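Below is one structure; the comments refer to it alone.
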Amino acid sequence: HAQDAAAGEKVFTKCKVCHVADKDQNKVGPSLNGVIGRTAGTHPGFSYSQAMVAAGKSGVKWDEPTLTTYLHDPKAMVKGTKMAFAGLKDDKDVANVIAYLKQFSK
Ligand code: HEM
């Protein structure tokens, strides 16, 4: 859905202080380039919280359902995450930002 991704690009302005998606680059947060399908806490060169590494080891992979849960309330899903972001309250914003991220994933 091109339209959803365009709306998601606007939502992504809330993420941009910390994340890049259109190229593979870590900032304050890990690169979100190729994040769909990736195991949590595994992007090379980024220093994750223990909580995020543990989430990945317990089998969390980033897909539509897991991203939806995390982006609604990061600290509720990954207790101890160092992502300093309250979450997106609007379901549409979550769906659209995921559509945006899909453009930069296989
Ligand atoms: C981690 C998405 C906003 C900082 C993550 C991860 C995702 C994500 C999917 C896990 C990546 C992985 O496991 O490799 C988003 C989205 C945002 C957003 C879509 C906007 C809606 C922010 C903001 C900040 C931030 C505003 C900084 C204030 C971080 C950090 C981590 C992280 C530091 C690593 C967490 C940890 O190791 O516990 N983000 N993020 N993010 N994000 Fe965000």
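Residue numbering restarts at 1 in every chain; chains get A, B, ... in the order shown in the structure tokens, and ligands count up from 1 in that same order.
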
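Proximity to Val78 in chain A at 7 Å, evaluated using only C-alpha atoms and with sequence-adjacent residues fewer than 3 positions away removed, yields Ala51, Met52, Ala55, Pro74, Lys75 and Thr81 of chain A.
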
If you count only C-alpha atoms and all ligand atoms, which residues end up within 7 Å of ligand 1, as JSON, numbers by chain? {"A": [11, 12, 14, 15, 16, 17, 18, 19, 28, 29, 30, 31, 32, 35, 39, 40, 41, 42, 43, 47, 48, 49, 51, 52, 62, 67, 71, 80, 81, 82, 83, 84, 85, 87, 88, 97]}

Kindly export the residues of the current selection with N, CA and C atoms, as an mmCIF file, in the first residue's frame.
```cif
data_model
loop_
_atom_site.group_PDB
_atom_site.id
_atom_site.type_symbol
_atom_site.label_atom_id
_atom_site.label_comp_id
_atom_site.auth_asym_id
_atom_site.auth_seq_id
_atom_site.Cartn_x
_atom_site.Cartn_y
_atom_site.Cartn_z
ATOM 1 N N VAL A 11 4.676 9.545 10.077
ATOM 2 C CA VAL A 11 4.756 9.027 11.450
ATOM 3 C C VAL A 11 6.228 8.834 11.839
ATOM 4 N N PHE A 12 7.025 8.408 10.869
ATOM 5 C CA PHE A 12 8.435 8.112 11.135
ATOM 6 C C PHE A 12 9.231 9.350 11.569
ATOM 7 N N LYS A 14 8.683 10.889 14.074
ATOM 8 C CA LYS A 14 8.816 10.697 15.531
ATOM 9 C C LYS A 14 9.961 9.742 15.875
ATOM 10 N N CYS A 15 10.390 8.979 14.930
ATOM 11 C CA CYS A 15 11.424 7.962 15.148
ATOM 12 C C CYS A 15 12.790 8.450 14.692
ATOM 13 N N LYS A 16 12.757 9.417 13.782
ATOM 14 C CA LYS A 16 13.953 9.877 13.073
ATOM 15 C C LYS A 16 15.075 10.431 13.945
ATOM 16 N N VAL A 17 14.708 10.998 15.102
ATOM 17 C CA VAL A 17 15.769 11.488 15.999
ATOM 18 C C VAL A 17 16.738 10.357 16.335
ATOM 19 N N CYS A 18 16.226 9.145 16.363
ATOM 20 C CA CYS A 18 17.020 8.011 16.839
ATOM 21 C C CYS A 18 17.275 6.934 15.791
ATOM 22 N N HIS A 19 16.478 6.890 14.727
ATOM 23 C CA HIS A 19 16.568 5.784 13.765
ATOM 24 C C HIS A 19 16.650 6.249 12.320
ATOM 25 N N VAL A 28 21.258 6.805 17.586
ATOM 26 C CA VAL A 28 20.935 6.557 18.999
ATOM 27 C C VAL A 28 20.256 5.186 19.113
ATOM 28 N N GLY A 29 19.498 4.839 18.093
ATOM 29 C CA GLY A 29 18.857 3.523 17.999
ATOM 30 C C GLY A 29 19.455 2.738 16.838
ATOM 31 N N PRO A 30 19.198 1.438 16.817
ATOM 32 C CA PRO A 30 19.732 0.592 15.735
ATOM 33 C C PRO A 30 19.106 0.927 14.387
ATOM 34 N N SER A 31 19.839 0.645 13.324
ATOM 35 C CA SER A 31 19.295 0.823 11.982
ATOM 36 C C SER A 31 18.018 0.007 11.833
ATOM 37 N N LEU A 32 16.999 0.605 11.216
ATOM 38 C CA LEU A 32 15.756 -0.118 10.947
ATOM 39 C C LEU A 32 15.684 -0.558 9.481
ATOM 40 N N VAL A 35 14.585 -4.304 9.019
ATOM 41 C CA VAL A 35 14.178 -4.766 10.356
ATOM 42 C C VAL A 35 13.092 -5.847 10.311
ATOM 43 N N THR A 39 15.707 -10.871 13.847
ATOM 44 C CA THR A 39 15.578 -11.231 15.257
ATOM 45 C C THR A 39 15.903 -9.998 16.096
ATOM 46 N N ALA A 40 15.112 -9.768 17.149
ATOM 47 C CA ALA A 40 15.314 -8.601 18.017
ATOM 48 C C ALA A 40 16.728 -8.578 18.593
ATOM 49 N N GLY A 41 17.289 -7.370 18.632
ATOM 50 C CA GLY A 41 18.578 -7.183 19.299
ATOM 51 C C GLY A 41 19.780 -7.755 18.588
ATOM 52 N N THR A 42 19.727 -7.836 17.259
ATOM 53 C CA THR A 42 20.834 -8.497 16.537
ATOM 54 C C THR A 42 21.494 -7.640 15.453
ATOM 55 N N HIS A 43 21.153 -6.346 15.349
ATOM 56 C CA HIS A 43 21.827 -5.588 14.275
ATOM 57 C C HIS A 43 23.291 -5.363 14.628
ATOM 58 N N SER A 47 24.851 -1.423 20.373
ATOM 59 C CA SER A 47 24.897 -1.886 21.749
ATOM 60 C C SER A 47 23.496 -1.873 22.370
ATOM 61 N N TYR A 48 22.833 -3.013 22.318
ATOM 62 C CA TYR A 48 21.459 -3.158 22.815
ATOM 63 C C TYR A 48 21.431 -3.313 24.339
ATOM 64 N N SER A 49 20.247 -3.094 24.889
ATOM 65 C CA SER A 49 20.014 -3.426 26.294
ATOM 66 C C SER A 49 20.037 -4.958 26.431
ATOM 67 N N ALA A 51 17.850 -6.524 27.950
ATOM 68 C CA ALA A 51 16.454 -6.928 27.767
ATOM 69 C C ALA A 51 16.147 -7.224 26.299
ATOM 70 N N MET A 52 16.679 -6.394 25.390
ATOM 71 C CA MET A 52 16.406 -6.598 23.962
ATOM 72 C C MET A 52 17.139 -7.831 23.440
ATOM 73 N N TRP A 62 11.057 -9.529 14.468
ATOM 74 C CA TRP A 62 10.225 -8.373 14.122
ATOM 75 C C TRP A 62 9.384 -8.661 12.888
ATOM 76 N N LEU A 67 5.943 -6.101 16.011
ATOM 77 C CA LEU A 67 6.172 -4.654 15.910
ATOM 78 C C LEU A 67 4.965 -3.874 16.416
ATOM 79 N N LEU A 71 5.556 -1.271 19.320
ATOM 80 C CA LEU A 71 5.415 0.162 19.025
ATOM 81 C C LEU A 71 4.257 0.803 19.789
ATOM 82 N N GLY A 80 12.697 -3.243 30.348
ATOM 83 C CA GLY A 80 14.115 -2.915 30.432
ATOM 84 C C GLY A 80 14.689 -2.413 29.117
ATOM 85 N N THR A 81 13.844 -2.276 28.100
ATOM 86 C CA THR A 81 14.354 -1.720 26.836
ATOM 87 C C THR A 81 14.877 -0.307 27.069
ATOM 88 N N LYS A 82 15.940 0.032 26.368
ATOM 89 C CA LYS A 82 16.474 1.389 26.514
ATOM 90 C C LYS A 82 15.935 2.340 25.444
ATOM 91 N N MET A 83 14.940 1.892 24.694
ATOM 92 C CA MET A 83 14.296 2.809 23.746
ATOM 93 C C MET A 83 13.417 3.786 24.535
ATOM 94 N N ALA A 84 13.847 5.061 24.560
ATOM 95 C CA ALA A 84 13.144 6.088 25.334
ATOM 96 C C ALA A 84 12.034 6.696 24.494
ATOM 97 N N PHE A 85 10.979 5.935 24.342
ATOM 98 C CA PHE A 85 9.862 6.350 23.490
ATOM 99 C C PHE A 85 8.586 5.780 24.101
ATOM 100 N N GLY A 87 5.664 5.306 22.874
ATOM 101 C CA GLY A 87 4.853 4.439 22.027
ATOM 102 C C GLY A 87 3.840 5.230 21.231
ATOM 103 N N LEU A 88 3.268 4.569 20.230
ATOM 104 C CA LEU A 88 2.269 5.189 19.367
ATOM 105 C C LEU A 88 0.899 4.705 19.814
ATOM 106 N N VAL A 97 3.360 3.083 9.954
ATOM 107 C CA VAL A 97 4.819 3.137 10.106
ATOM 108 C C VAL A 97 5.424 1.766 9.786
#
```

Report as a PyMOL selection string all protein, DNA and RNA residues lying within 9 Å of Glu9 in chain A, evaluated on only C-alpha atoms, omitting residues in the same chain fewer than 6 positions from it. chain A and resi 96-97+99-101

Residue selection dump (N, CA and C atoms) as a PDB file, in the first residue's frame:
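New file selection-v1.pdb:
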```pdb
ATOM      1  N   ASN A  96       0.716   2.154   9.671  1.00  0.00           N
ATOM      2  CA  ASN A  96       1.349   2.917   8.593  1.00  0.00           C
ATOM      3  C   ASN A  96       2.871   2.968   8.730  1.00  0.00           C
ATOM      4  N   VAL A  97       3.360   3.083   9.954  1.00  0.00           N
ATOM      5  CA  VAL A  97       4.819   3.137  10.106  1.00  0.00           C
ATOM      6  C   VAL A  97       5.424   1.766   9.786  1.00  0.00           C
ATOM      7  N   ALA A  99       4.173  -0.222   7.486  1.00  0.00           N
ATOM      8  CA  ALA A  99       4.160  -0.218   6.010  1.00  0.00           C
ATOM      9  C   ALA A  99       5.369   0.545   5.463  1.00  0.00           C
ATOM     10  N   TYR A 100       5.708   1.652   6.138  1.00  0.00           N
ATOM     11  CA  TYR A 100       6.892   2.424   5.741  1.00  0.00           C
ATOM     12  C   TYR A 100       8.162   1.575   5.903  1.00  0.00           C
ATOM     13  N   LEU A 101       8.283   0.896   7.050  1.00  0.00           N
ATOM     14  CA  LEU A 101       9.486   0.078   7.305  1.00  0.00           C
ATOM     15  C   LEU A 101       9.604  -1.082   6.324  1.00  0.00           C
TER      16      LEU A 101
END
```

Between CA of Gly34 in chain A and CA of Gly8 in chain A, what is the spacing in Å?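 Calculated distance between CA of Gly8 in chain A and CA of Gly34 in chain A is 15.9 Å.
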
Give me, please, the distance in Å between CA of Asp93 in chain A and CA of Thr66 in chain A, quoted to one decimal. 15.1 Å

Which of A:Met77, A:Ala21, A:Lys102, A:His72 sits closest to Val60 in chain A [using only C-alpha atoms]: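 When distances to Val60 in chain A are compared using only C-alpha atoms, the smallest one comes from A:Met77.
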
Take CA of Ile36 in chain A and CA of Pro65 in chain A and report the distance between them in Å, one decimal.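 Computing the Euclidean distance for CA of Ile36 in chain A and CA of Pro65 in chain A yields 10.8 Å.
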
Run DSSP on the backbone and give me the residues of chain A it puts in helix (DSSP H, G or I), as a PyMOL selection string. chain A and resi 2-14+50-57+64-72+74-77+91-102

Please produce an output containing N, CA and C atoms for each residue in the selection, written as a tab-separated table (two decimals), in the first residue's frame.
```
chain	number	residue	atom	x	y	z
A	2	ALA	N	1.02	1.85	-1.13
A	2	ALA	CA	1.87	3.02	-1.27
A	2	ALA	C	1.39	4.16	-0.37
A	3	GLN	N	0.07	4.29	-0.28
A	3	GLN	CA	-0.51	5.38	0.50
A	3	GLN	C	-0.20	5.24	1.99
A	4	ASP	N	-0.36	4.01	2.50
A	4	ASP	CA	-0.06	3.75	3.90
A	4	ASP	C	1.41	4.05	4.21
A	5	ALA	N	2.28	3.66	3.29
A	5	ALA	CA	3.71	3.90	3.49
A	5	ALA	C	4.00	5.40	3.50
A	6	ALA	N	3.28	6.15	2.67
A	6	ALA	CA	3.47	7.61	2.64
A	6	ALA	C	3.02	8.23	3.96
A	7	ALA	N	1.90	7.75	4.48
A	7	ALA	CA	1.44	8.22	5.80
A	7	ALA	C	2.44	7.79	6.87
A	8	GLY	N	2.97	6.60	6.70
A	8	GLY	CA	3.95	6.07	7.66
A	8	GLY	C	5.24	6.86	7.67
A	9	GLU	N	5.59	7.42	6.52
A	9	GLU	CA	6.80	8.25	6.46
A	9	GLU	C	6.65	9.47	7.37
A	10	LYS	N	5.43	9.99	7.43
A	10	LYS	CA	5.16	11.14	8.32
A	10	LYS	C	5.23	10.72	9.79
A	11	VAL	N	4.68	9.55	10.08
A	11	VAL	CA	4.76	9.03	11.45
A	11	VAL	C	6.23	8.83	11.84
A	12	PHE	N	7.03	8.41	10.87
A	12	PHE	CA	8.43	8.11	11.14
A	12	PHE	C	9.23	9.35	11.57
A	13	THR	N	8.68	10.54	11.37
A	13	THR	CA	9.38	11.74	11.87
A	13	THR	C	9.57	11.65	13.40
A	14	LYS	N	8.68	10.89	14.07
A	14	LYS	CA	8.82	10.70	15.53
A	14	LYS	C	9.96	9.74	15.87
A	50	GLN	N	20.32	-5.41	27.65
A	50	GLN	CA	20.24	-6.85	27.91
A	50	GLN	C	18.84	-7.36	27.64
A	51	ALA	N	17.85	-6.52	27.95
A	51	ALA	CA	16.45	-6.93	27.77
A	51	ALA	C	16.15	-7.22	26.30
A	52	MET	N	16.68	-6.39	25.39
A	52	MET	CA	16.41	-6.60	23.96
A	52	MET	C	17.14	-7.83	23.44
A	53	VAL	N	18.37	-8.02	23.91
A	53	VAL	CA	19.12	-9.22	23.50
A	53	VAL	C	18.38	-10.47	23.99
A	54	ALA	N	17.88	-10.42	25.23
A	54	ALA	CA	17.15	-11.56	25.79
A	54	ALA	C	15.87	-11.83	25.01
A	55	ALA	N	15.20	-10.76	24.57
A	55	ALA	CA	13.97	-10.93	23.78
A	55	ALA	C	14.29	-11.70	22.50
A	56	GLY	N	15.36	-11.32	21.85
A	56	GLY	CA	15.77	-12.03	20.63
A	56	GLY	C	16.11	-13.48	20.90
A	57	LYS	N	16.82	-13.71	22.00
A	57	LYS	CA	17.21	-15.09	22.34
A	57	LYS	C	15.99	-15.94	22.67
A	64	GLU	N	4.85	-8.09	11.62
A	64	GLU	CA	3.73	-7.18	11.88
A	64	GLU	C	3.19	-7.30	13.31
A	65	PRO	N	2.89	-8.52	13.79
A	65	PRO	CA	2.35	-8.63	15.17
A	65	PRO	C	3.32	-8.15	16.25
A	66	THR	N	4.59	-8.54	16.17
A	66	THR	CA	5.51	-8.16	17.25
A	66	THR	C	5.81	-6.66	17.21
A	67	LEU	N	5.94	-6.10	16.01
A	67	LEU	CA	6.17	-4.65	15.91
A	67	LEU	C	4.96	-3.87	16.42
A	68	THR	N	3.77	-4.38	16.12
A	68	THR	CA	2.56	-3.70	16.58
A	68	THR	C	2.55	-3.62	18.10
A	69	THR	N	2.85	-4.73	18.75
A	69	THR	CA	2.87	-4.76	20.22
A	69	THR	C	3.96	-3.83	20.76
A	70	TYR	N	5.15	-3.94	20.19
A	70	TYR	CA	6.28	-3.14	20.69
A	70	TYR	C	6.04	-1.65	20.49
A	71	LEU	N	5.56	-1.27	19.32
A	71	LEU	CA	5.42	0.16	19.02
A	71	LEU	C	4.26	0.80	19.79
A	72	HIS	N	3.28	0.01	20.19
A	72	HIS	CA	2.21	0.55	21.03
A	72	HIS	C	2.74	0.93	22.42
A	74	PRO	N	6.49	0.14	24.06
A	74	PRO	CA	7.78	-0.57	24.06
A	74	PRO	C	8.15	-1.18	25.41
A	75	LYS	N	7.99	-0.42	26.46
A	75	LYS	CA	8.44	-0.88	27.78
A	75	LYS	C	7.56	-1.98	28.36
A	76	ALA	N	6.33	-2.08	27.88
A	76	ALA	CA	5.45	-3.16	28.34
A	76	ALA	C	5.87	-4.49	27.72
A	77	MET	N	6.28	-4.43	26.45
A	77	MET	CA	6.66	-5.69	25.78
A	77	MET	C	8.06	-6.13	26.13
A	91	ASP	N	-3.69	3.12	16.38
A	91	ASP	CA	-3.49	1.88	15.61
A	91	ASP	C	-3.09	2.16	14.16
A	92	LYS	N	-3.68	3.19	13.59
A	92	LYS	CA	-3.39	3.53	12.19
A	92	LYS	C	-1.95	3.97	12.03
A	93	ASP	N	-1.47	4.78	12.97
A	93	ASP	CA	-0.07	5.22	12.93
A	93	ASP	C	0.87	4.01	12.99
A	94	VAL	N	0.55	3.06	13.84
A	94	VAL	CA	1.39	1.86	13.96
A	94	VAL	C	1.40	1.10	12.64
A	95	ALA	N	0.22	0.85	12.09
A	95	ALA	CA	0.12	0.10	10.83
A	95	ALA	C	0.86	0.83	9.71
A	96	ASN	N	0.72	2.15	9.67
A	96	ASN	CA	1.35	2.92	8.59
A	96	ASN	C	2.87	2.97	8.73
A	97	VAL	N	3.36	3.08	9.95
A	97	VAL	CA	4.82	3.14	10.11
A	97	VAL	C	5.42	1.77	9.79
A	98	ILE	N	4.69	0.70	10.05
A	98	ILE	CA	5.16	-0.64	9.67
A	98	ILE	C	5.19	-0.76	8.14
A	99	ALA	N	4.17	-0.22	7.49
A	99	ALA	CA	4.16	-0.22	6.01
A	99	ALA	C	5.37	0.54	5.46
A	100	TYR	N	5.71	1.65	6.14
A	100	TYR	CA	6.89	2.42	5.74
A	100	TYR	C	8.16	1.57	5.90
A	101	LEU	N	8.28	0.90	7.05
A	101	LEU	CA	9.49	0.08	7.30
A	101	LEU	C	9.60	-1.08	6.32
A	102	LYS	N	8.46	-1.60	5.88
A	102	LYS	CA	8.46	-2.71	4.92
A	102	LYS	C	9.15	-2.35	3.61
```
